[in-house]
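All remarks here apply to the structure that follows.
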Amino acid sequence: MSERDAEWAALMRAGLAGDRAAYMALLAQLAPVLRAIARRGLLRAGMAAQDAEDVVQETLLAIHLKRQTWRPDEPIGPWIRAIARNKLVDALRKRGRRGIEVDVDDLSDMLAAPPEADDSLTRDVARHLGDLSEGQRQVVQAIAVDGASIRDTAARLLMSEGAVRVALHRGLAALATKLRERPE
Amino acid sequence: MKTDELIRAIAADATAAPASLQRYFALLLALAVTAAAIAFWILLGPRDNALQSLGEIRFVFKFIVTLALAVPAIGLVLRLIRPGVNPGLWRVAVLLSPGLLALGVALELAALPSSSWRVAMIGSNSLVCLTYVPLIGLAPLGLLLLALRRGAPAHPALAGAVAGLIAGGIAASFYASHCPDDSPLFVAVWYSLAIAILTALGAALGSRLLRW
């Protein structure tokens, strides 16, 4: 297990225990690595790398929504790599590339890729945000885009904090479903 | 939406501690067995001499075969739904039941005169078997697929098919106590077909329901 793997596993354990700062740090560290995987995968399949950010965001959502499939006593690298590979296969399929051999390199060989000027802005997630229910959209928007806390969001939207949490979770799950089901 | 923004939203959702996958599966497996038991008692019930038959090797062998299918299939599916986990020997373990059955068939062929093979194979209850094993296994299959939706299988149809094997193994275990046909020749043909129906159904449903 690499040092980075051990660090990610520690951050994920903290995240699973409810430590949001650790969890955010983990996701922020994963994003550039996932971006490198997505770009390389798309290029290898002969596709433009500009869709990479959509794949990165789908992968981050999958990591979050399926985090209960990782066991805290296991190395986290192979788990992340398998999810990244799966989401890459999905993305290629969605773009009409079936049956392509998809290879994801060992994460430790993967150099992080910074977001390119404008492409950390994705069309998919932004578009599907509009498909969420009004309440879910407002909550996700407030927390993601405006950077509001759960408490601020609750005050702003005249909701209880519990209701904000539920709307946020359902909103993220709905986003993942819409990203998966809607073809380009 | 920018990736940093999405990360902020995801991190804000981190407090919702997800329930343990294993525990949730165990709960729904228990419900699946209960559902099969209820369906079995309503639809069929055990045969009158079921308890006395426990001393007969052919009767007991039916349960060995069905349980040898369900148990390794449970071990396999729990690995198939976790990304990056190699199922390893569990893949081979699901062949235990067909292997045992093949052995039972060989011994039965040796024990019986060839003139009675046909009668033993066709038995008296084949249509009941083909109807009721899938029927008893239907609710368990649904419950197992519900549990697997929490997972992340790389191959949804495969995970669904293995759920079908589990449901089939559970249903056939109950059905075996009803069915008067105990010959391994009967089991090899009709139980296999009945379980194959649930397996195919599981694969079809899995490819739709288990995508993530």
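Chain lettering (A, B, ...) mirrors the order of the structure tokens, residue numbering begins at 1 for each chain separately, and ligand numbering begins at 1 in order of display.
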Inset, instruction - Please identify every residue of chain B that has at least one atom no more than 8 Å from any atom of chain A, counting only C-alpha atoms, and report them as a ChimeraX atom specification. - result: /B:1-21,81-85,150-152,154,212
With N, CA and C atoms retained, export the selected residues as a PDB file, in the first residue's frame.
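Dumped everything to part.pdb:
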ATOM      1  N   MET B   1     -21.857  23.270 -13.288  1.00  0.00           N
ATOM      2  CA  MET B   1     -21.320  23.300 -11.923  1.00  0.00           C
ATOM      3  C   MET B   1     -19.849  22.911 -11.949  1.00  0.00           C
ATOM      4  N   LYS B   2     -19.061  23.610 -11.156  1.00  0.00           N
ATOM      5  CA  LYS B   2     -17.640  23.286 -11.106  1.00  0.00           C
ATOM      6  C   LYS B   2     -17.403  22.105 -10.183  1.00  0.00           C
ATOM      7  N   THR B   3     -16.312  21.402 -10.442  1.00  0.00           N
ATOM      8  CA  THR B   3     -16.025  20.226  -9.637  1.00  0.00           C
ATOM      9  C   THR B   3     -15.839  20.594  -8.165  1.00  0.00           C
ATOM     10  N   ASP B   4     -15.191  21.729  -7.914  1.00  0.00           N
ATOM     11  CA  ASP B   4     -15.014  22.168  -6.527  1.00  0.00           C
ATOM     12  C   ASP B   4     -16.356  22.386  -5.827  1.00  0.00           C
ATOM     13  N   GLU B   5     -17.295  22.882  -6.604  1.00  0.00           N
ATOM     14  CA  GLU B   5     -18.627  23.121  -6.041  1.00  0.00           C
ATOM     15  C   GLU B   5     -19.331  21.812  -5.719  1.00  0.00           C
ATOM     16  N   LEU B   6     -19.187  20.873  -6.631  1.00  0.00           N
ATOM     17  CA  LEU B   6     -19.800  19.563  -6.386  1.00  0.00           C
ATOM     18  C   LEU B   6     -19.188  18.925  -5.139  1.00  0.00           C
ATOM     19  N   ILE B   7     -17.869  19.055  -5.005  1.00  0.00           N
ATOM     20  CA  ILE B   7     -17.185  18.481  -3.849  1.00  0.00           C
ATOM     21  C   ILE B   7     -17.735  19.096  -2.556  1.00  0.00           C
ATOM     22  N   ARG B   8     -18.000  20.388  -2.595  1.00  0.00           N
ATOM     23  CA  ARG B   8     -18.553  21.054  -1.417  1.00  0.00           C
ATOM     24  C   ARG B   8     -19.907  20.443  -1.042  1.00  0.00           C
ATOM     25  N   ALA B   9     -20.744  20.222  -2.055  1.00  0.00           N
ATOM     26  CA  ALA B   9     -22.066  19.644  -1.794  1.00  0.00           C
ATOM     27  C   ALA B   9     -21.937  18.218  -1.273  1.00  0.00           C
ATOM     28  N   ILE B  10     -21.027  17.446  -1.868  1.00  0.00           N
ATOM     29  CA  ILE B  10     -20.853  16.058  -1.428  1.00  0.00           C
ATOM     30  C   ILE B  10     -20.361  16.024   0.018  1.00  0.00           C
ATOM     31  N   ALA B  11     -19.382  16.876   0.321  1.00  0.00           N
ATOM     32  CA  ALA B  11     -18.828  16.871   1.681  1.00  0.00           C
ATOM     33  C   ALA B  11     -19.889  17.268   2.697  1.00  0.00           C
ATOM     34  N   ALA B  12     -20.796  18.171   2.316  1.00  0.00           N
ATOM     35  CA  ALA B  12     -21.862  18.575   3.239  1.00  0.00           C
ATOM     36  C   ALA B  12     -22.802  17.414   3.536  1.00  0.00           C
ATOM     37  N   ASP B  13     -22.832  16.434   2.630  1.00  0.00           N
ATOM     38  CA  ASP B  13     -23.717  15.270   2.794  1.00  0.00           C
ATOM     39  C   ASP B  13     -23.028  14.155   3.582  1.00  0.00           C
ATOM     40  N   ALA B  14     -21.812  14.402   4.044  1.00  0.00           N
ATOM     41  CA  ALA B  14     -21.014  13.328   4.648  1.00  0.00           C
ATOM     42  C   ALA B  14     -21.545  12.868   5.993  1.00  0.00           C
ATOM     43  N   THR B  15     -22.394  13.651   6.623  1.00  0.00           N
ATOM     44  CA  THR B  15     -22.858  13.245   7.949  1.00  0.00           C
ATOM     45  C   THR B  15     -23.833  12.079   7.899  1.00  0.00           C
ATOM     46  N   ALA B  16     -24.497  11.921   6.757  1.00  0.00           N
ATOM     47  CA  ALA B  16     -25.445  10.816   6.657  1.00  0.00           C
ATOM     48  C   ALA B  16     -24.673   9.500   6.596  1.00  0.00           C
ATOM     49  N   ALA B  17     -24.383   8.944   7.770  1.00  0.00           N
ATOM     50  CA  ALA B  17     -23.571   7.733   7.824  1.00  0.00           C
ATOM     51  C   ALA B  17     -24.315   6.576   7.175  1.00  0.00           C
ATOM     52  N   PRO B  18     -23.735   5.976   6.122  1.00  0.00           N
ATOM     53  CA  PRO B  18     -24.411   4.883   5.447  1.00  0.00           C
ATOM     54  C   PRO B  18     -24.419   3.615   6.300  1.00  0.00           C
ATOM     55  N   ALA B  19     -25.515   2.881   6.215  1.00  0.00           N
ATOM     56  CA  ALA B  19     -25.612   1.626   6.966  1.00  0.00           C
ATOM     57  C   ALA B  19     -24.644   0.606   6.373  1.00  0.00           C
ATOM     58  N   SER B  20     -24.171  -0.279   7.221  1.00  0.00           N
ATOM     59  CA  SER B  20     -23.247  -1.314   6.756  1.00  0.00           C
ATOM     60  C   SER B  20     -23.898  -2.183   5.684  1.00  0.00           C
ATOM     61  N   LEU B  21     -23.167  -2.366   4.591  1.00  0.00           N
ATOM     62  CA  LEU B  21     -23.669  -3.152   3.472  1.00  0.00           C
ATOM     63  C   LEU B  21     -23.974  -4.589   3.904  1.00  0.00           C
ATOM     64  N   ILE B  81     -20.458  -7.224  -5.451  1.00  0.00           N
ATOM     65  CA  ILE B  81     -21.053  -5.883  -5.354  1.00  0.00           C
ATOM     66  C   ILE B  81     -20.093  -4.879  -4.737  1.00  0.00           C
ATOM     67  N   ARG B  82     -18.837  -5.287  -4.501  1.00  0.00           N
ATOM     68  CA  ARG B  82     -17.878  -4.324  -3.960  1.00  0.00           C
ATOM     69  C   ARG B  82     -16.764  -4.086  -4.955  1.00  0.00           C
ATOM     70  N   PRO B  83     -16.606  -2.829  -5.416  1.00  0.00           N
ATOM     71  CA  PRO B  83     -15.616  -2.519  -6.447  1.00  0.00           C
ATOM     72  C   PRO B  83     -14.189  -2.890  -6.012  1.00  0.00           C
ATOM     73  N   GLY B  84     -13.449  -3.440  -6.945  1.00  0.00           N
ATOM     74  CA  GLY B  84     -12.048  -3.721  -6.679  1.00  0.00           C
ATOM     75  C   GLY B  84     -11.806  -4.975  -5.856  1.00  0.00           C
ATOM     76  N   VAL B  85     -12.881  -5.701  -5.513  1.00  0.00           N
ATOM     77  CA  VAL B  85     -12.704  -6.919  -4.727  1.00  0.00           C
ATOM     78  C   VAL B  85     -12.695  -8.110  -5.680  1.00  0.00           C
ATOM     79  N   ARG B 150     -27.763  -1.475  -2.935  1.00  0.00           N
ATOM     80  CA  ARG B 150     -26.835  -0.675  -2.125  1.00  0.00           C
ATOM     81  C   ARG B 150     -25.388  -0.871  -2.569  1.00  0.00           C
ATOM     82  N   GLY B 151     -25.139  -1.935  -3.314  1.00  0.00           N
ATOM     83  CA  GLY B 151     -23.779  -2.251  -3.730  1.00  0.00           C
ATOM     84  C   GLY B 151     -23.427  -1.567  -5.048  1.00  0.00           C
ATOM     85  N   ALA B 152     -22.272  -1.934  -5.587  1.00  0.00           N
ATOM     86  CA  ALA B 152     -21.809  -1.331  -6.830  1.00  0.00           C
ATOM     87  C   ALA B 152     -21.164  -2.410  -7.701  1.00  0.00           C
ATOM     88  N   ALA B 154     -19.683  -4.398 -10.777  1.00  0.00           N
ATOM     89  CA  ALA B 154     -19.114  -4.037 -12.075  1.00  0.00           C
ATOM     90  C   ALA B 154     -19.972  -4.634 -13.191  1.00  0.00           C
ATOM     91  N   TRP B 212     -25.450   1.539 -11.483  1.00  0.00           N
ATOM     92  CA  TRP B 212     -25.235   2.607 -10.495  1.00  0.00           C
ATOM     93  C   TRP B 212     -24.409   3.713 -11.094  1.00  0.00           C
TER      94      TRP B 212
END
Inset, instruction - Please provide as a count of residues only all residues within 12 Å of Pro87 in chain B, with the sequence filter that same-chain residues fewer than 3 positions apart are discarded (counting only C-alpha atoms). - result: 21
Inset, instruction - Would you return as a PyMOL selection string the members of range 23-160 of chain A that DSSP assigns to alpha helix (DSSP H) on this structure's backbone? - result: chain A and resi 23-44+52-65+77-94+123-129+134-144+150-157
Would you write out those residues with C-alpha atoms, as a tab-separated table (two decimals), in the first residue's frame?
chain	number	residue	atom	x	y	z
A	23	TYR	CA	-13.86	14.06	3.56
A	24	MET	CA	-13.63	17.28	1.55
A	25	ALA	CA	-9.82	17.03	1.64
A	26	LEU	CA	-10.04	13.48	0.31
A	27	LEU	CA	-12.34	14.45	-2.55
A	28	ALA	CA	-10.17	17.44	-3.39
A	29	GLN	CA	-7.12	15.16	-3.57
A	30	LEU	CA	-8.95	12.57	-5.64
A	31	ALA	CA	-10.33	14.98	-8.24
A	32	PRO	CA	-7.03	15.68	-10.09
A	33	VAL	CA	-6.16	11.97	-10.11
A	34	LEU	CA	-9.59	11.06	-11.42
A	35	ARG	CA	-9.22	13.80	-14.01
A	36	ALA	CA	-5.98	12.28	-15.26
A	37	ILE	CA	-7.62	8.85	-15.46
A	38	ALA	CA	-10.63	10.23	-17.33
A	39	ARG	CA	-8.55	12.24	-19.80
A	40	ARG	CA	-6.26	9.35	-20.56
A	41	GLY	CA	-9.18	6.96	-20.90
A	42	LEU	CA	-11.09	9.22	-23.27
A	43	LEU	CA	-8.00	9.87	-25.39
A	44	ARG	CA	-7.21	6.17	-25.58
A	52	ALA	CA	-13.26	14.42	-18.82
A	53	GLU	CA	-14.74	16.71	-16.19
A	54	ASP	CA	-18.17	15.14	-16.61
A	55	VAL	CA	-16.60	11.76	-15.92
A	56	VAL	CA	-14.73	13.15	-12.90
A	57	GLN	CA	-17.95	14.49	-11.39
A	58	GLU	CA	-19.84	11.26	-12.02
A	59	THR	CA	-17.01	9.33	-10.41
A	60	LEU	CA	-16.94	11.60	-7.36
A	61	LEU	CA	-20.70	11.14	-6.94
A	62	ALA	CA	-20.34	7.36	-7.25
A	63	ILE	CA	-17.51	7.29	-4.70
A	64	HIS	CA	-19.72	9.22	-2.31
A	65	LEU	CA	-22.97	7.32	-2.86
A	77	GLY	CA	-6.64	2.41	-4.05
A	78	PRO	CA	-8.10	-0.63	-5.81
A	79	TRP	CA	-11.59	0.42	-4.75
A	80	ILE	CA	-11.25	3.92	-6.19
A	81	ARG	CA	-9.64	2.57	-9.32
A	82	ALA	CA	-12.48	0.09	-9.90
A	83	ILE	CA	-15.10	2.83	-9.53
A	84	ALA	CA	-13.16	5.13	-11.86
A	85	ARG	CA	-12.89	2.36	-14.43
A	86	ASN	CA	-16.60	1.63	-14.19
A	87	LYS	CA	-17.59	5.23	-14.68
A	88	LEU	CA	-15.21	5.54	-17.62
A	89	VAL	CA	-16.81	2.50	-19.25
A	90	ASP	CA	-20.24	4.08	-18.66
A	91	ALA	CA	-19.10	7.37	-20.15
A	92	LEU	CA	-17.71	5.70	-23.27
A	93	ARG	CA	-20.86	3.63	-23.66
A	94	LYS	CA	-22.98	6.73	-23.36
A	123	ARG	CA	-22.31	20.77	-18.93
A	124	ASP	CA	-23.82	17.51	-17.68
A	125	VAL	CA	-24.12	18.22	-14.00
A	126	ALA	CA	-25.18	21.82	-14.59
A	127	ARG	CA	-27.86	20.73	-17.02
A	128	HIS	CA	-29.22	17.97	-14.80
A	129	LEU	CA	-29.33	20.27	-11.82
A	134	GLU	CA	-37.34	22.66	-6.96
A	135	GLY	CA	-36.47	22.05	-3.31
A	136	GLN	CA	-33.54	19.77	-4.08
A	137	ARG	CA	-32.20	22.14	-6.69
A	138	GLN	CA	-32.32	25.12	-4.36
A	139	VAL	CA	-30.53	23.23	-1.60
A	140	VAL	CA	-27.81	21.79	-3.85
A	141	GLN	CA	-27.34	25.17	-5.50
A	142	ALA	CA	-27.06	27.03	-2.18
A	143	ILE	CA	-24.52	24.62	-0.72
A	144	ALA	CA	-22.49	23.88	-3.85
A	150	ILE	CA	-26.48	23.53	6.05
A	151	ARG	CA	-27.63	25.94	8.75
A	152	ASP	CA	-27.50	29.00	6.47
A	153	THR	CA	-29.35	27.11	3.78
A	154	ALA	CA	-32.03	26.10	6.24
A	155	ALA	CA	-32.47	29.70	7.37
A	156	ARG	CA	-32.48	31.03	3.84
A	157	LEU	CA	-35.01	28.54	2.50
Tell me, as a PDB file with N, CA, C and O atoms, in the first residue's frame, which residues lie within 12 Å of Ala111 in chain B, counting only C-alpha atoms; anything in the same chain fewer than 4 positions away does not count.
ATOM      1  N   ARG B  58     -31.152 -40.238  -0.056  1.00  0.00           N
ATOM      2  CA  ARG B  58     -31.561 -39.473  -1.254  1.00  0.00           C
ATOM      3  C   ARG B  58     -32.334 -38.210  -0.872  1.00  0.00           C
ATOM      4  O   ARG B  58     -32.193 -37.165  -1.497  1.00  0.00           O
ATOM      5  N   GLY B 104     -23.761 -37.378  -7.369  1.00  0.00           N
ATOM      6  CA  GLY B 104     -24.991 -38.077  -6.984  1.00  0.00           C
ATOM      7  C   GLY B 104     -25.615 -38.790  -8.174  1.00  0.00           C
ATOM      8  O   GLY B 104     -26.089 -39.931  -8.047  1.00  0.00           O
ATOM      9  N   VAL B 105     -25.608 -38.118  -9.316  1.00  0.00           N
ATOM     10  CA  VAL B 105     -26.172 -38.723 -10.525  1.00  0.00           C
ATOM     11  C   VAL B 105     -25.384 -39.977 -10.908  1.00  0.00           C
ATOM     12  O   VAL B 105     -25.957 -41.027 -11.210  1.00  0.00           O
ATOM     13  N   ALA B 106     -24.047 -39.876 -10.830  1.00  0.00           N
ATOM     14  CA  ALA B 106     -23.209 -41.034 -11.188  1.00  0.00           C
ATOM     15  C   ALA B 106     -23.498 -42.218 -10.268  1.00  0.00           C
ATOM     16  O   ALA B 106     -23.662 -43.360 -10.721  1.00  0.00           O
ATOM     17  N   LEU B 107     -23.608 -41.924  -8.954  1.00  0.00           N
ATOM     18  CA  LEU B 107     -23.878 -43.009  -8.001  1.00  0.00           C
ATOM     19  C   LEU B 107     -25.262 -43.612  -8.233  1.00  0.00           C
ATOM     20  O   LEU B 107     -25.444 -44.827  -8.133  1.00  0.00           O
ATOM     21  N   SER B 115     -33.035 -49.726 -16.782  1.00  0.00           N
ATOM     22  CA  SER B 115     -34.447 -49.685 -17.177  1.00  0.00           C
ATOM     23  C   SER B 115     -35.249 -48.695 -16.321  1.00  0.00           C
ATOM     24  O   SER B 115     -36.265 -48.185 -16.766  1.00  0.00           O
ATOM     25  N   SER B 116     -34.774 -48.390 -15.113  1.00  0.00           N
ATOM     26  CA  SER B 116     -35.562 -47.492 -14.266  1.00  0.00           C
ATOM     27  C   SER B 116     -35.007 -46.073 -14.225  1.00  0.00           C
ATOM     28  O   SER B 116     -35.518 -45.224 -13.512  1.00  0.00           O
ATOM     29  N   TRP B 117     -33.960 -45.776 -15.010  1.00  0.00           N
ATOM     30  CA  TRP B 117     -33.392 -44.416 -15.033  1.00  0.00           C
ATOM     31  C   TRP B 117     -34.440 -43.386 -15.466  1.00  0.00           C
ATOM     32  O   TRP B 117     -34.593 -42.347 -14.860  1.00  0.00           O
ATOM     33  N   ALA B 120     -37.084 -42.637 -12.883  1.00  0.00           N
ATOM     34  CA  ALA B 120     -36.536 -41.846 -11.774  1.00  0.00           C
ATOM     35  C   ALA B 120     -36.333 -40.406 -12.191  1.00  0.00           C
ATOM     36  O   ALA B 120     -36.551 -39.475 -11.414  1.00  0.00           O
ATOM     37  N   SER B 183     -34.858 -38.916  -6.305  1.00  0.00           N
ATOM     38  CA  SER B 183     -33.702 -39.375  -7.082  1.00  0.00           C
ATOM     39  C   SER B 183     -32.850 -38.202  -7.545  1.00  0.00           C
ATOM     40  O   SER B 183     -33.367 -37.194  -8.010  1.00  0.00           O
ATOM     41  N   PRO B 184     -31.528 -38.324  -7.437  1.00  0.00           N
ATOM     42  CA  PRO B 184     -30.643 -37.280  -7.978  1.00  0.00           C
ATOM     43  C   PRO B 184     -30.888 -37.031  -9.466  1.00  0.00           C
ATOM     44  O   PRO B 184     -30.639 -35.934  -9.962  1.00  0.00           O
ATOM     45  N   LEU B 185     -31.408 -38.042 -10.169  1.00  0.00           N
ATOM     46  CA  LEU B 185     -31.698 -37.856 -11.594  1.00  0.00           C
ATOM     47  C   LEU B 185     -32.807 -36.824 -11.769  1.00  0.00           C
ATOM     48  O   LEU B 185     -32.756 -35.966 -12.651  1.00  0.00           O
TER      49      LEU B 185
END
Inset, instruction - Can you pull out every residue within 12 Å of Gly123 in chain B, counting only C-alpha atoms, but drop anything in the same chain fewer than 5 positions away, and send it as a list in words? - result: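 Selected residues are Ser116, Trp117, Arg118, Val128, Cys129, Cys179, Pro180, Asp181, Asp182, Ser183, Pro184, Leu185, Phe186, Val187, Ala188, Val189, Trp190 and Tyr191 of chain B.
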Using only C-alpha atoms, which residues sit within 9 Å of range 193-199 of chain B once same-chain residues fewer than 6 positions away are excluded, as a PDB file with C-alpha atoms, in the first residue's frame?
ATOM      1  CA  CYS B 129     -41.277 -28.388  -9.344  1.00  0.00           C
ATOM      2  CA  LEU B 130     -40.965 -26.147 -12.403  1.00  0.00           C
ATOM      3  CA  THR B 131     -43.876 -24.008 -11.257  1.00  0.00           C
ATOM      4  CA  TYR B 132     -43.442 -23.741  -7.534  1.00  0.00           C
ATOM      5  CA  VAL B 133     -39.688 -23.370  -7.140  1.00  0.00           C
ATOM      6  CA  PRO B 134     -39.684 -20.164  -9.233  1.00  0.00           C
ATOM      7  CA  GLY B 137     -38.220 -17.869  -5.103  1.00  0.00           C
ATOM      8  CA  LEU B 138     -39.827 -14.772  -6.581  1.00  0.00           C
ATOM      9  CA  LEU B 141     -35.209 -12.663  -5.494  1.00  0.00           C
ATOM     10  CA  GLY B 160     -28.479 -10.342 -10.573  1.00  0.00           C
ATOM     11  CA  ALA B 161     -27.935 -13.869 -11.877  1.00  0.00           C
ATOM     12  CA  VAL B 162     -26.117 -14.871  -8.688  1.00  0.00           C
ATOM     13  CA  ALA B 163     -29.012 -13.391  -6.690  1.00  0.00           C
ATOM     14  CA  GLY B 164     -31.195 -15.726  -8.775  1.00  0.00           C
ATOM     15  CA  LEU B 165     -29.026 -18.681  -7.729  1.00  0.00           C
ATOM     16  CA  ILE B 166     -29.446 -17.725  -4.073  1.00  0.00           C
ATOM     17  CA  ALA B 167     -33.213 -17.324  -4.433  1.00  0.00           C
ATOM     18  CA  GLY B 168     -33.324 -20.611  -6.342  1.00  0.00           C
ATOM     19  CA  GLY B 169     -31.271 -22.395  -3.693  1.00  0.00           C
ATOM     20  CA  ALA B 171     -36.750 -21.915  -2.780  1.00  0.00           C
ATOM     21  CA  ALA B 172     -35.547 -25.380  -3.788  1.00  0.00           C
TER      22      ALA B 172
END
